[in-house]
$ cat run35.pdb   # PDB, C-alpha atoms
MODEL        1
ATOM      1  CA  MET A   1      -3.653  -0.736  -3.559
ATOM      2  CA  ILE A   2      -3.402   2.196  -1.125
ATOM      3  CA  THR A   3      -5.619   0.500   1.459
ATOM      4  CA  THR A   4      -3.795  -2.811   1.000
ATOM      5  CA  ILE A   5      -0.374  -1.217   1.563
ATOM      6  CA  GLU A   6      -1.593   0.738   4.573
ATOM      7  CA  LYS A   7      -3.046  -2.350   6.252
ATOM      8  CA  ALA A   8       0.049  -4.439   5.496
ATOM      9  CA  MET A   9       2.292  -1.792   7.072
ATOM     10  CA  CYS A  10       0.098  -1.768  10.184
ATOM     11  CA  GLU A  11       0.177  -5.551  10.455
ATOM     12  CA  ARG A  12       3.966  -5.783  10.163
ATOM     13  CA  LEU A  13       4.516  -3.020  12.702
ATOM     14  CA  GLN A  14       2.027  -4.564  15.114
ATOM     15  CA  GLN A  15       3.823  -7.900  15.006
ATOM     16  CA  GLY A  16       7.305  -6.396  15.101
ATOM     17  CA  LEU A  17       6.891  -3.753  17.803
ATOM     18  CA  GLY A  18       5.143  -6.036  20.260
ATOM     19  CA  ARG A  19       4.809  -4.393  23.693
ATOM     20  CA  MET A  20       6.645  -1.226  22.656
ATOM     21  CA  VAL A  21       3.182   0.174  21.870
ATOM     22  CA  ASN A  22       0.061   0.131  24.015
ATOM     23  CA  ASN A  23      -2.500   0.363  21.231
ATOM     24  CA  PRO A  24      -2.962  -1.606  18.019
ATOM     25  CA  VAL A  25      -1.100  -0.093  15.072
ATOM     26  CA  VAL A  26      -3.887   1.352  12.943
ATOM     27  CA  THR A  27      -4.550   3.918  10.230
ATOM     28  CA  TRP A  28      -5.047   6.621  12.815
ATOM     29  CA  ASN A  29      -4.511  10.344  12.186
ATOM     30  CA  VAL A  30      -2.913  11.378  15.440
ATOM     31  CA  LEU A  31      -2.952  15.046  14.464
ATOM     32  CA  ALA A  32      -6.760  15.041  14.269
ATOM     33  CA  THR A  33      -7.341  12.974  17.406
ATOM     34  CA  ASP A  34      -8.385  14.403  20.747
ATOM     35  CA  ILE A  35      -5.270  14.538  22.912
ATOM     36  CA  GLY A  36      -7.154  13.147  25.901
ATOM     37  CA  VAL A  37      -7.981   9.998  23.948
ATOM     38  CA  ALA A  38      -4.425   9.725  22.671
ATOM     39  CA  LEU A  39      -2.888   9.884  26.159
ATOM     40  CA  ARG A  40      -4.685   6.701  27.201
ATOM     41  CA  GLN A  41      -3.105   4.757  24.341
ATOM     42  CA  LEU A  42       0.520   5.910  24.357
ATOM     43  CA  PRO A  43       3.169   5.046  23.419
ATOM     44  CA  GLY A  44       1.665   4.416  19.999
ATOM     45  CA  VAL A  45       2.315   4.194  16.270
ATOM     46  CA  CYS A  46      -0.103   4.917  13.426
ATOM     47  CA  VAL A  47       0.084   4.777   9.635
ATOM     48  CA  VAL A  48      -1.440   7.310   7.240
ATOM     49  CA  PHE A  49      -1.313   7.526   3.439
ATOM     50  CA  SER A  50       0.179  10.937   2.678
ATOM     51  CA  GLY A  51      -0.249  11.185  -1.080
ATOM     52  CA  ILE A  52       0.863  10.228  -4.575
ATOM     53  CA  THR A  53       3.924  12.225  -5.602
ATOM     54  CA  ASN A  54       4.386  11.057  -9.192
ATOM     55  CA  SER A  55       2.758   9.021 -11.992
ATOM     56  CA  ARG A  56       4.575   8.345 -15.258
ATOM     57  CA  ALA A  57       3.823   6.212 -18.302
ATOM     58  CA  HIS A  58       5.600   2.875 -18.153
ATOM     59  CA  ASP A  59       5.146   1.726 -21.776
ATOM     60  CA  THR A  60       4.535   3.155 -25.225
ATOM     61  CA  SER A  61       0.790   2.466 -25.100
ATOM     62  CA  ARG A  62       0.479   4.944 -22.193
ATOM     63  CA  ARG A  63      -2.035   2.601 -20.587
ATOM     64  CA  ARG A  64       0.221   1.477 -17.722
ATOM     65  CA  PHE A  65       1.624   3.910 -15.182
ATOM     66  CA  LEU A  66       4.307   3.642 -12.528
ATOM     67  CA  VAL A  67       2.914   5.372  -9.447
ATOM     68  CA  THR A  68       4.976   6.696  -6.543
ATOM     69  CA  GLY A  69       3.158   6.958  -3.222
ATOM     70  CA  ARG A  70       4.152   8.127   0.248
ATOM     71  CA  PHE A  71       3.076   6.793   3.635
ATOM     72  CA  SER A  72       3.649   8.474   6.991
ATOM     73  CA  VAL A  73       4.226   6.497  10.175
ATOM     74  CA  PHE A  74       3.594   8.668  13.230
ATOM     75  CA  VAL A  75       5.462   7.731  16.403
ATOM     76  CA  VAL A  76       3.907   9.165  19.565
ATOM     77  CA  ASP A  77       5.089   8.883  23.165
ATOM     78  CA  TYR A  78       4.162  10.414  26.501
ATOM     79  CA  ASN A  79       6.387  11.052  29.503
ATOM     80  CA  LEU A  80       6.028  13.653  32.252
ATOM     81  CA  ARG A  81       9.335  12.848  33.987
ATOM     82  CA  SER A  82      11.547  14.765  31.573
ATOM     83  CA  ASN A  83      11.954  15.732  27.941
ATOM     84  CA  GLU A  84      15.024  13.506  27.778
ATOM     85  CA  ALA A  85      13.058  10.474  28.966
ATOM     86  CA  LEU A  86      10.383  11.291  26.402
ATOM     87  CA  ARG A  87      12.947  11.145  23.609
ATOM     88  CA  HIS A  88      15.473   8.601  24.898
ATOM     89  CA  GLY A  89      13.208   6.343  26.934
ATOM     90  CA  GLY A  90      13.389   5.245  30.545
ATOM     91  CA  PRO A  91      14.616   2.303  32.570
ATOM     92  CA  GLY A  92      11.384   0.314  32.275
ATOM     93  CA  THR A  93       9.820  -1.415  29.270
ATOM     94  CA  GLU A  94       6.829   0.938  29.536
ATOM     95  CA  GLU A  95       9.068   3.860  28.482
ATOM     96  CA  PRO A  96      10.536   2.992  25.069
ATOM     97  CA  GLY A  97      11.041   6.625  24.032
ATOM     98  CA  CYS A  98      10.508   8.186  20.620
ATOM     99  CA  TYR A  99      14.007   7.585  19.291
ATOM    100  CA  ARG A 100      13.835   3.847  19.951
ATOM    101  CA  LEU A 101      10.417   3.696  18.306
ATOM    102  CA  ILE A 102      11.689   5.600  15.255
ATOM    103  CA  ARG A 103      14.625   3.240  14.873
ATOM    104  CA  SER A 104      12.366   0.204  15.249
ATOM    105  CA  VAL A 105       9.814   1.440  12.703
ATOM    106  CA  ARG A 106      12.502   2.113  10.105
ATOM    107  CA  ARG A 107      14.168  -1.225  10.833
ATOM    108  CA  LEU A 108      10.905  -3.138  10.320
ATOM    109  CA  LEU A 109       9.745  -1.392   7.128
ATOM    110  CA  THR A 110      12.845  -0.410   5.142
ATOM    111  CA  GLY A 111      13.419  -2.622   2.119
ATOM    112  CA  GLN A 112      10.168  -4.585   2.564
ATOM    113  CA  ASP A 113       7.547  -5.262  -0.112
ATOM    114  CA  LEU A 114       5.065  -6.663   2.467
ATOM    115  CA  GLY A 115       4.281  -9.563   0.129
ATOM    116  CA  LEU A 116       2.615  -7.158  -2.312
ATOM    117  CA  LYS A 117       3.275  -6.201  -5.929
ATOM    118  CA  ILE A 118       5.079  -3.003  -4.932
ATOM    119  CA  ASP A 119       8.650  -1.753  -4.913
ATOM    120  CA  TYR A 120      10.589  -2.125  -1.674
ATOM    121  CA  LEU A 121       9.652   0.521   0.890
ATOM    122  CA  LYS A 122      12.195   3.336   0.799
ATOM    123  CA  PRO A 123      12.856   5.335   3.984
ATOM    124  CA  GLU A 124      12.742   9.097   3.616
ATOM    125  CA  GLY A 125      12.710  11.938   6.122
ATOM    126  CA  VAL A 126      11.912  11.906   9.827
ATOM    127  CA  ARG A 127      10.692  15.108  11.452
ATOM    128  CA  PRO A 128       9.271  16.219  14.788
ATOM    129  CA  VAL A 129       5.679  17.380  14.636
ATOM    130  CA  ALA A 130       5.447  20.619  16.569
ATOM    131  CA  GLY A 131       2.336  21.572  18.479
ATOM    132  CA  GLN A 132       1.730  23.504  21.683
ATOM    133  CA  THR A 133      -0.975  21.041  22.722
ATOM    134  CA  PHE A 134       1.494  18.175  22.540
ATOM    135  CA  ASN A 135       4.257  20.086  24.329
ATOM    136  CA  ASP A 136       2.008  21.112  27.233
ATOM    137  CA  LYS A 137       0.971  17.496  27.803
ATOM    138  CA  GLY A 138       4.453  15.946  27.702
ATOM    139  CA  VAL A 139       3.748  14.347  24.328
ATOM    140  CA  ALA A 140       6.203  14.056  21.438
ATOM    141  CA  VAL A 141       5.214  13.195  17.877
ATOM    142  CA  TYR A 142       7.562  12.265  15.025
ATOM    143  CA  GLU A 143       6.665  11.549  11.416
ATOM    144  CA  CYS A 144       8.627   8.826   9.589
ATOM    145  CA  VAL A 145       8.058   8.940   5.829
ATOM    146  CA  PHE A 146       8.324   5.980   3.446
ATOM    147  CA  SER A 147       7.790   5.810  -0.313
ATOM    148  CA  THR A 148       7.071   2.949  -2.692
ATOM    149  CA  GLN A 149       5.952   2.354  -6.264
ATOM    150  CA  TRP A 150       3.304   0.204  -7.923
ATOM    151  CA  MET A 151       1.629  -0.197 -11.308
ATOM    152  CA  GLU A 152      -1.754   1.209 -12.286
ATOM    153  CA  ASP A 153      -3.518   0.346 -15.563
ATOM    154  CA  ALA A 154      -5.657   2.939 -17.308
ATOM    155  CA  LEU A 155      -8.905   2.186 -19.091
ATOM    156  CA  ASP A 156      -8.834   2.155 -22.878
ATOM    157  CA  ASN A 157      -9.950   5.494 -24.250
ATOM    158  CA  GLY A 158     -13.751   5.778 -24.229
ATOM    159  CA  HIS A 159     -14.287   2.576 -22.262
ATOM    160  CA  TRP A 160     -15.753   1.944 -18.813
ATOM    161  CA  PRO A 161     -14.723  -0.448 -16.024
ATOM    162  CA  ALA A 162     -15.627  -4.101 -16.709
ATOM    163  CA  PRO A 163     -15.226  -6.048 -13.459
ATOM    164  CA  GLU A 164     -15.557  -9.818 -13.721
ATOM    165  CA  LEU A 165     -15.425 -10.863 -10.053
ATOM    166  CA  PRO A 166     -16.513  -9.350  -6.714
ATOM    167  CA  THR A 167     -12.831  -9.287  -5.725
ATOM    168  CA  ASP A 168     -11.784  -7.111  -8.690
ATOM    169  CA  ASP A 169     -10.624  -3.589  -7.870
ATOM    170  CA  ASP A 170     -13.281  -2.246 -10.235
ATOM    171  CA  ALA A 171     -16.028  -4.088  -8.323
ATOM    172  CA  ASP A 172     -16.529  -0.818  -6.428
ATOM    173  CA  PHE A 173     -18.269   0.553  -9.513
ATOM    174  CA  VAL A 174     -20.820  -2.262  -9.272
ATOM    175  CA  ARG A 175     -21.378  -1.838  -5.559
ATOM    176  CA  TRP A 176     -22.025   1.893  -5.883
ATOM    177  CA  ASN A 177     -23.975   1.657  -9.149
ATOM    178  CA  GLY A 178     -21.395   3.297 -11.383
ATOM    179  CA  ARG A 179     -21.390   2.832 -15.116
ATOM    180  CA  ILE A 180     -19.704  -0.371 -16.306
ATOM    181  CA  GLU A 181     -19.482  -2.380 -19.508
ATOM    182  CA  LYS A 182     -19.569  -6.098 -20.255
ATOM    183  CA  PRO A 183     -16.165  -7.806 -19.935
ATOM    184  CA  LEU A 184     -14.513  -9.052 -23.095
ATOM    185  CA  PRO A 185     -14.956 -12.815 -23.684
ATOM    186  CA  TRP A 186     -12.181 -15.144 -22.567
ATOM    187  CA  HIS A 187      -9.612 -16.188 -25.172
ATOM    188  CA  GLU A 188     -10.354 -19.914 -25.120
ATOM    189  CA  SER A 189      -8.535 -21.283 -28.160
ATOM    190  CA  THR A 190      -6.071 -20.433 -30.919
ATOM    191  CA  ARG A 191      -6.323 -21.751 -34.503
ATOM    192  CA  MET A 192      -3.008 -22.308 -36.263
ATOM    193  CA  ALA A 193      -2.522 -23.014 -39.974
ATOM    194  CA  TYR A 194       0.706 -24.131 -41.684
ATOM    195  CA  PHE A 195       1.476 -23.159 -45.298
ATOM    196  CA  GLN A 196       4.101 -24.302 -47.766
ATOM    197  CA  PRO A 197       5.931 -21.471 -49.538
ATOM    198  CA  GLY A 198       3.917 -20.331 -52.554
ATOM    199  CA  GLU A 199       0.787 -22.311 -51.540
ATOM    200  CA  SER A 200      -2.529 -20.623 -50.685
ATOM    201  CA  ASP A 201      -4.095 -23.629 -48.940
ATOM    202  CA  PRO A 202      -2.777 -24.827 -45.561
ATOM    203  CA  VAL A 203      -1.034 -28.189 -45.419
ATOM    204  CA  ALA A 204      -1.994 -28.655 -41.789
ATOM    205  CA  GLU A 205      -4.206 -27.009 -39.150
ATOM    206  CA  ASP A 206      -4.306 -27.187 -35.385
ATOM    207  CA  ILE A 207      -6.380 -25.710 -32.591
ATOM    208  CA  MET A 208      -4.734 -25.045 -29.238
ATOM    209  CA  HIS A 209      -7.091 -24.714 -26.268
ATOM    210  CA  ASN A 210      -6.023 -22.409 -23.444
ATOM    211  CA  ARG A 211      -5.747 -24.046 -20.062
ATOM    212  CA  THR A 212      -8.063 -22.717 -17.350
ATOM    213  CA  ASP A 213      -7.945 -22.908 -13.579
ATOM    214  CA  ASN A 214     -10.625 -25.608 -13.677
ATOM    215  CA  ASP A 215      -8.536 -27.963 -15.799
ATOM    216  CA  ASP A 216      -6.882 -30.911 -14.078
TER     217      ASP A 216
ENDMDL
END

$ encode --input "run35.pdb" --output "structure tokens"
Amino acid sequence: MITTIEKAMCERLQQGLGRMVNNPVVTWNVLATDIGVALRQLPGVCVVFSGITNSRAHDTSRRRFLVTGRFSVFVVDYNLRSNEALRHGGPGTEEPGCYRLIRSVRRLLTGQDLGLKIDYLKPEGVRPVAGQTFNDKGVAVYECVFSTQWMEDALDNGHWPAPELPTDDDADFVRWNGRIEKPLPWHESTRMAYFQPGESDPVAEDIMHNRTDNDD
């Protein structure tokens, strides 16, 4: 789910920001990137998963958990004319400025579920990222934080993953030779019996077959 959310955030920002950014919106850790490389791609925006802040049981079986995760969107711009132009932008479209980028990022992501089974993205804090390397190069970096929630199901106690299809989340255990167990058989039919009060033998029986995706 983390990778899916991250990629969906990148895709929406890429479409929404258009020519405000020079580089594709990617899962790029700007703080660990060589500043010389970064300067050739600015202004830019990147998305990074910044952690799970909470997990709590969602039902009495304690097998389903509501997970809260945080994602950081880093806004980075470059301008040698002045610090004000770096923050506020300039007269041309090539100088959007950090504040305009921050507003645009929050506008595009706030309240969105990105077509996924997650809670709507909630905007949190925005902070400048200090760094002498950035300041000396006329670069400003701001971190915009968003949080969301999704469900995670735990394995039954003592059991192992049992993926059924290559697209299952647990298919990773097959690919990397982890321990798995055979999936439970499909529930294909239900037998129903009808009894009269006080009678031990059924007066009628019926079998209901479950519909599958292959049925017309």

$ residues_near_point --input "run35.pdb" --point "(11.2, 4.8, 6.8)" --cutoff "7 Å" --atoms "all atoms listed in the file" --output "PDB file with C-alpha atoms, in the coordinates of the input"
ATOM      1  CA  VAL A 105       9.814   1.440  12.703  1.00  0.00           C
ATOM      2  CA  ARG A 106      12.502   2.113  10.105  1.00  0.00           C
ATOM      3  CA  LEU A 109       9.745  -1.392   7.128  1.00  0.00           C
ATOM      4  CA  THR A 110      12.845  -0.410   5.142  1.00  0.00           C
ATOM      5  CA  LYS A 122      12.195   3.336   0.799  1.00  0.00           C
ATOM      6  CA  PRO A 123      12.856   5.335   3.984  1.00  0.00           C
ATOM      7  CA  GLU A 124      12.742   9.097   3.616  1.00  0.00           C
ATOM      8  CA  CYS A 144       8.627   8.826   9.589  1.00  0.00           C
ATOM      9  CA  VAL A 145       8.058   8.940   5.829  1.00  0.00           C
ATOM     10  CA  PHE A 146       8.324   5.980   3.446  1.00  0.00           C
TER      11      PHE A 146
END

$ resolve_selection --input "run35.pdb" --expression "the PyMOL selection byres ((chain A and resi 142) around 6)" --output "PyMOL selection string"
chain A and resi 74-75+127-129+141+143

$ atom_distance --input "run35.pdb" --atom1 "atom CA of A:Ala154" --atom2 "atom CA of A:Thr3"
18.9 Å

$ closest_residue --input "run35.pdb" --among "A:Leu101, A:Val76, A:Leu17, A:Leu155" --to "A:Arg63" --atoms "all atoms listed in the file"
A:Leu155

$ closest_residue --input "run35.pdb" --among "A:Gln196, A:Thr4, A:Asn177, A:Thr27" --to "A:Val45" --atoms "all atoms listed in the file"
A:Thr27

$ atom_distance --input "run35.pdb" --atom1 "atom CA of A:Phe71" --atom2 "atom CA of A:Ser147"
6.2 Å

$ residues_around --input "run35.pdb" --residues "A:Gln14" --least-positions-apart "6" --cutoff "10 Å" --atoms "only C-alpha atoms" --output "PyMOL selection string"
chain A and resi 8+20-21+23-26+45-46

$ residues_around --input "run35.pdb" --residues "A:Phe173" --least-positions-apart "5" --cutoff "9 Å" --atoms "only C-alpha atoms" --output "MDAnalysis selection string"
chainID A and resid 161:163 178:180

$ atom_distance --input "run35.pdb" --atom1 "atom CA of A:Gly111" --atom2 "atom CA of A:Gln149"
12.3 Å

$ resolve_selection --input "run35.pdb" --expression "the PyMOL selection byres ((chain A and resi 53-56) around 6)" --output "number ranges by chain"
A: 52, 57, 65-69

$ residues_around --input "run35.pdb" --residues "stretch 113-120 of chain A" --least-positions-apart "5" --cutoff "8 Å" --atoms "all atoms listed in the file" --output "VMD selection string"
chain A and resid 5 8 to 9 12 148 to 151

$ axis_aligned_box --input "run35.pdb" --around "stretch 14-21 of chain A" --padding-each-side "4 Å" --output "lines of an AutoDock Vina configuration file"
center_x = 4.7
center_y = -3.9
center_z = 19.3
size_x = 13.3
size_y = 16.1
size_z = 16.7
